[in-house]
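**Student:** Structure provided below as structure tokens; questions to follow.
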Amino acid sequence: MPPTTREAQRAELHKAIWRVANDLRGSVDGWDFKSYVLGMLFYRFISENLTAYLNRQERAAGDNTFDYAKLNDSEAEHGRRETVKEKGFYILPSELFTNVRAKATADENLNETLGRVFQNIEGSAVGTESEDDLKGLFQELDPNSNKLGNTVAQRNQKLVKLLNAIGDLNLGDFENHEIDAFGDAYEYLMQMYAADAGKSGGEYYTPQEVSELLAQIASIGKTELKKVYDPAVGSGSLLLKFQKVLGPGKVGGYFGQEINLTTYNLARINMFLHDVPYEQFHLAHGDTLTHPEHWDDEPFEAIVSNPPYSIKWEGDANPLLINDPRFAPAGVLAPKSKADLAFTMHILSWLAVNGTAAIVEFPGVMYRGGAEAKIRKYLVDNNYVDAVIQLPADLFFGTTIATCILVLKKSKTTNDVVFIDASAEFTRVGNKSKLTDAHRDHILTTLVERAPVDHFATVVSNADIAARDYVLSVSSYVQAEDTREEIDITALNIDIARIVARQSELRTAIDAIVVSLEQSR
């Protein structure tokens, strides 16, 4: 399918999703209602995914007419154990999305039906290796919630609309769809809700083009990666961009941790919707800074992250943290009111010797004094800072701040840092700035070449950075282009004199005309 056709298909899908989200939410707050839309999208996905998988197996074995969706539940039970081992979950034919939807309008207990179905799907993984991957995935999709209506009838009416709307989306044939329709639908929904939710949305979603840039930076020189990691994984979108950058099957494992339970559930859903096998993603719920869950999995070849900006953390109020092997090397902890560099030190600690980390940083991290300056000193003196890239303002949902990307490496061959001023690398789309493919290519080419470019990039030795008190702000090293118009003062004075003289001539002529008119009365 030509790219233009794919883009047209994607645009049509986005329009349909927009209509679904706006038609259905009604009085339900947009950011809250996303859980219902995304959850129902997930329910449809795993139903169709499982059906396609079982149909493919049976037809390959010779039964060309086999259709799992039409199978009797009692017959289907025979394949439960093996299917859960392969797919991580099981859904009886009667509980598949398409079959529940077909009976939804006539089902006076639809809320109970869906509640039972979701419980059974999660229950199918209990006692198996996939239990942790499925547990709690539907807890945000509560069919009995008052958010859907005050009465059972009102809730069921909303649920029928939701089933039909998600079921009507043209998400392609599972066997040969050209775009990653389910994953794309998820990303679009997250972007739409993040934009709608303002500040709260920005906590859950990094724009796709920024996520892709981070993955591109972290995978420079690599054709495949064993393990990728994000300590503030959010919806999981940053990790999944490695799929797009390197191609399917090029990442061995996806690792991440998220403190917000709702977002943690969304991240796991996102993995499933991008068809990542359950045994390949390892997401944990909890506070990464104080209770990291992947000690047995580090180090990681590639780390990408957009940690929350300047949040509070325990810092030196917890006497154990200064001896934590992640933070101890710097000899100081990030301030209790600003955890940014705590995330940075955690990331550095878990970065493989041959790895690269790309971290979105709040601008103040690059120049503030005190403990943060001491941590920057540690990073520079040990030659861990590879690059600092200034991003345009107004890229992220919920903030107009111009953030930057800090690139870390442990095996640099030079003792310098490349500073790139990409603050003008954007196109205005709606009310936000956007990095295009051309902008990202420009940044990546400059990063790889590590050569000075007037008003865009410069390479600075670690010694020179130390001489500037370890300030890492791009504006301190890349001179902005002077776009002011040069004026010839001598020529300007001649023009002014000519204008004044001409003004005097006109005034004399006007006075003469006035006198002539008065004499003719």
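Naming works like this for the structure tokens: A, B, ... for the chains as they're shown, residue 1 at the start of each chain, ligands 1 onward in shown order.
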List every residue of stretch 300-443 of chain A that DSSP, applied to the backbone of this structure, places in strand (DSSP E), and write the result as a PyMOL selection string.
**Tutor:** chain A and resi 300-305+351-361+385-390+404-409+416-421+427-429+432-434
**Student:** Identify which of the residues A:Trp313, A:Glu301, A:Leu50, A:Gly370 lies closest to A:Ser349, counting only C-alpha atoms when measuring atom-to-atom distances.
**Tutor:**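 Smallest distance to A:Ser349 is found for A:Glu301.
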**Student:** Please return as a ChimeraX atom specification: the residues of stretch 343-425 of chain A that backbone DSSP assigns to helix (DSSP H, G or I).
**Tutor:** /A:343-349,363-366,371-381
**Student:** List every residue of stretch 243-316 of chain A that has an atom at most 8 Å from any atom of stretch 320-338 of chain A, and for each one report the closest atom pair and its distance in Å to one decimal, counting only C-alpha atoms, with rows sorted by chain and then by increasing residue number, as JSON lines.
**Tutor:**
{"residue": "A:Thr290", "atom": "CA", "partner": "A:Leu321", "partner_atom": "CA", "distance": 7.9}
{"residue": "A:Tyr309", "atom": "CA", "partner": "A:Lys338", "partner_atom": "CA", "distance": 7.7}
{"residue": "A:Ser310", "atom": "CA", "partner": "A:Lys338", "partner_atom": "CA", "distance": 4.2}
{"residue": "A:Ile311", "atom": "CA", "partner": "A:Lys338", "partner_atom": "CA", "distance": 5.3}
{"residue": "A:Lys312", "atom": "CA", "partner": "A:Ser337", "partner_atom": "CA", "distance": 4.4}
{"residue": "A:Trp313", "atom": "CA", "partner": "A:Lys336", "partner_atom": "CA", "distance": 5.2}
{"residue": "A:Glu314", "atom": "CA", "partner": "A:Lys336", "partner_atom": "CA", "distance": 5.8}
{"residue": "A:Gly315", "atom": "CA", "partner": "A:Lys336", "partner_atom": "CA", "distance": 4.8}
{"residue": "A:Asp316", "atom": "CA", "partner": "A:Leu333", "partner_atom": "CA", "distance": 6.5}
**Student:** Can you pull out the residues contacting A:Lys432? Cut-off 9 Å, using only C-alpha atoms, and skip same-chain residues under 6 positions away; I want them as a ChimeraX atom specification.
**Tutor:** /A:393-397,400
**Student:** For those residues, write C-alpha atoms to a file as an mmCIF file, in the first residue's frame.
**Tutor:**
data_model
loop_
_atom_site.group_PDB
_atom_site.id
_atom_site.type_symbol
_atom_site.label_atom_id
_atom_site.label_comp_id
_atom_site.auth_asym_id
_atom_site.auth_seq_id
_atom_site.Cartn_x
_atom_site.Cartn_y
_atom_site.Cartn_z
ATOM 1 C CA ALA A 393 9.296 25.644 23.370
ATOM 2 C CA ASP A 394 5.702 24.399 23.521
ATOM 3 C CA LEU A 395 6.335 20.825 22.365
ATOM 4 C CA PHE A 396 4.718 19.066 25.307
ATOM 5 C CA PHE A 397 1.116 18.957 26.468
ATOM 6 C CA THR A 400 5.129 25.670 27.115
#
**Student:** When you look at A:Arg44 with a cut-off of 7 Å (counting only C-alpha atoms), what residues show up, excluding the ones that are within fewer than 4 positions of it in the same chain? I need them as a list in words.
**Tutor:**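 My reading of the contact set: Met40, Glu48 and Phe97 of chain A.
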**Student:** Grab the atom CA of A:Gly115 to atom CA of A:His14 distance for me, in Å with one decimal place.
**Tutor:** 28.5 Å
**Student:** Could you check the closest approach to A:Gly88 for each of A:His346, A:Lys70, A:Lys147, A:Lys135 and tell me which residue wins, using only C-alpha atoms?
**Tutor:** A:Lys135
**Student:** If you count only C-alpha atoms, which residues fall within 9 Å of A:Gln208, apart from same-chain ones fewer than 4 positions away, as a ChimeraX atom specification?
**Tutor:** /A:187,191,212-213,237-238,241
**Student:** Name the residues in contact with stretch 244-249 of chain A at a cut-off of 7 Å, using only C-alpha atoms, excluding same-chain residues fewer than 4 positions from it; report them as an MDAnalysis selection string.
**Tutor:** chainID A and resid 215:216 223:224
**Student:** Fewer than 5 positions away in the same chain doesn't count, so skip those; otherwise give me all residues within 7 Å of stretch 98-105 of chain A, counting only C-alpha atoms, as a PyMOL selection string.
**Tutor:** chain A and resi 110+160+163-164
**Student:** Can you write out the residues you just picked, keeping C-alpha atoms, as a PDB file, in the first residue's frame?
**Tutor:**
ATOM      1  CA  LEU A 110     -24.762  -5.980  30.213  1.00  0.00           C
ATOM      2  CA  VAL A 160     -23.798  -0.407  24.272  1.00  0.00           C
ATOM      3  CA  LEU A 163     -19.148  -1.386  22.282  1.00  0.00           C
ATOM      4  CA  ASN A 164     -20.691  -0.320  18.985  1.00  0.00           C
TER       5      ASN A 164
END
**Student:** Rounded to one decimal in Å, what is the spacing between atom CA of A:Ser130 and atom CA of A:Gly256?
**Tutor:**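 Interatomic distance, atom CA of A:Ser130 to atom CA of A:Gly256: 16.4 Å.
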